[in-house]
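Let me begin by presenting the structure, written as structure tokens, before commenting on it.
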Amino acid sequence: MDALALPADVARGLADLVEAAKAALGPDLVSVVLFGSAAEGRLRATSDVNVIVLASRFERARLDALREPLRLARAVLDLSVMLLQSDEVAPAAEAFAVKFADIRSRHRVLFGADPFAALEPTRNAMLARLRQVLLNFILRTRERYALLSLREEQLAPLVADAAGPLRSAAALMLTLQGRAASSPKEALTALAREIDGDWSTVLERLSQARDTAMLPPGTGAPTTLALIELAQALRERAEHLA
């Protein structure tokens with residue numbers, strides 16, 4: 001845990017969660033895995049703490065025993081947890097290829113064996129999910145903009161939420177092209193440079209909203225709409241990948 005450079009309260013909360021999972025799930029517990037920005041030691045003001053609890057099975061009594069530790073971790077850490085059975089890892093990786101490609105590249109095992117070291121979704125699954133994620137982002141963000149744009153203070157969280165899917169999609173797109181980037185953030189930056197227009201200000205505001213949950217006055221609406229345009233450009237590229 002010390003190697004992750006996490007805030008003390010987060011490190012302590014994760015250690016408590018691991019012990020609670022061991023006590024609740026007993027021999028059925030396979031591993032506890034931290035993924036996303038926390039696994040890189042890059043938690044931001046808007047970041048969730050993302051954890052996978054992997055078990056051979058989830059019996060009701062053992063799952064009930066995990067209820068209160070999970071509720072506490074959600075309240076204290078803003079925890080987002082995936083309760084995954086061993087026989088669901090491969091199907092989940094196929095069904096949610098963008099997410100699991102990101103998990104595979106950015107995770108730390110807190111307990112047990114590494115279930116993702118050799119995980120490799122099929123190329124067809126990654127292509128299909130990449131296109132789906134980008135289209136879903138466009139539709140969902142457009143809807144939320146229409147609902148929230150009258151109150152600009154509500155747009156900063158919307159912009160911050162855009163970082164995860166856009167950066168993960170960009171990282172997967174580079175992977176499918178046989179290219180690499182040091183992080184999902186750098187992947188999005190690299191692809192934006194190849195798209196017509198100057199996206200630097202938009203990406204700076206995306207990072208600002210992600211880091212601080214705030215945006216300069218008057219920038220929420222144009223930033224949100226520009227991110228939709230960027231996603232449309234990425235989706236057009238994704239449609240031409242084979």
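Chains: A, B, ... in order of the structure tokens. Residues: from 1 per chain. Ligands: from 1, in order shown.
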Compile the contact shell of A:Leu166 as a VMD selection string: residues with an atom at most 9 Å away, counting only C-alpha atoms, same-chain residues fewer than 4 positions apart removed. chain A and resid 133 to 134 137 162 170 to 171 184 to 185 188 227 230 to 231 234
Hey, could you make a per-residue contact list for stretch 149-205 of chain A against stretch 79-98 of chain A with 7 Å as the cut-off, showing the nearest pair of atoms and its distance in Å to one decimal, counting only C-alpha atoms, sorted by chain and number, as a tab-separated table?
residue	atom	partner	partner_atom	distance
A:Ser168	CA	A:Val98	CA	6.6
A:Ala169	CA	A:Val98	CA	6.4
A:Leu172	CA	A:Val98	CA	6.5
How far is it from atom CA of A:Ala5 to atom CA of A:Glu120, in Å with one decimal?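 Separation between atom CA of A:Ala5 and atom CA of A:Glu120: 28.2 Å.
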Neighbours of A:Ala21 within 12 Å (only C-alpha atoms; same-chain residues fewer than 2 positions away dropped), as a PyMOL selection string? chain A and resi 14-19+23-33+51-55+58+62-70+73+81+83+110-112
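With only C-alpha atoms as the basis for measurement, A:Thr219 is the residue among A:Thr219, A:Thr201, A:Ser207, A:Ser37 that approaches A:Ser149 most closely.
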Residues within 10 Å of A:Pro7, please, as JSON, numbers by chain. Count only C-alpha atoms; anything in the same chain fewer than 5 positions from it doesn't count. {"A": [2, 12, 13, 38, 41, 43]}
To one decimal place in Å, what is the distance between atom CA of A:Ser183 and atom CA of A:Asp9?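 Between atom CA of A:Ser183 and atom CA of A:Asp9 the gap works out to 25.3 Å.
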Can you list, as a list in words, every protein, DNA or RNA residue that comes within 12 Å of A:Arg237 when you count only C-alpha atoms, leaving out same-chain residues fewer than 3 positions away?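 In the requested form, the answer reads Leu127, Leu130, Arg131, Leu134, Ala169, Ala170, Met173, Leu174, Leu176, Gln177, Leu191, Ala192, Glu194, Ile195, Leu230, Ala231, Gln232, Ala233, Leu234, His240, Leu241 and Ala242 of chain A.
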Point out the residue among A:Leu206, A:Leu150, A:Val10, A:Ala125 with the least atom-to-atom distance to A:Val76, counting only C-alpha atoms.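 Closest to A:Val76 of all the choices is A:Val10.
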I need the alpha helix (DSSP H) residues of stretch 47-182 of chain A per DSSP on the backbone, written as a VMD selection string. chain A and resid 60 to 65 67 to 77 89 to 95 97 to 105 123 to 148 155 to 176
Taken to one decimal, the atom CA of A:Leu6-atom CA of A:His107 distance is 13.8 Å
So, counting only C-alpha atoms, which residue among A:Leu225, A:Ala8, A:Glu239, A:Ala160 is closest to A:Ile138?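 Of A:Leu225, A:Ala8, A:Glu239, A:Ala160, the one nearest A:Ile138, counting only C-alpha atoms, is A:Leu225.
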Give the strand (DSSP E) residues of stretch 67-241 of chain A, as DSSP finds them on the backbone, and put them as a count of residues only. 13
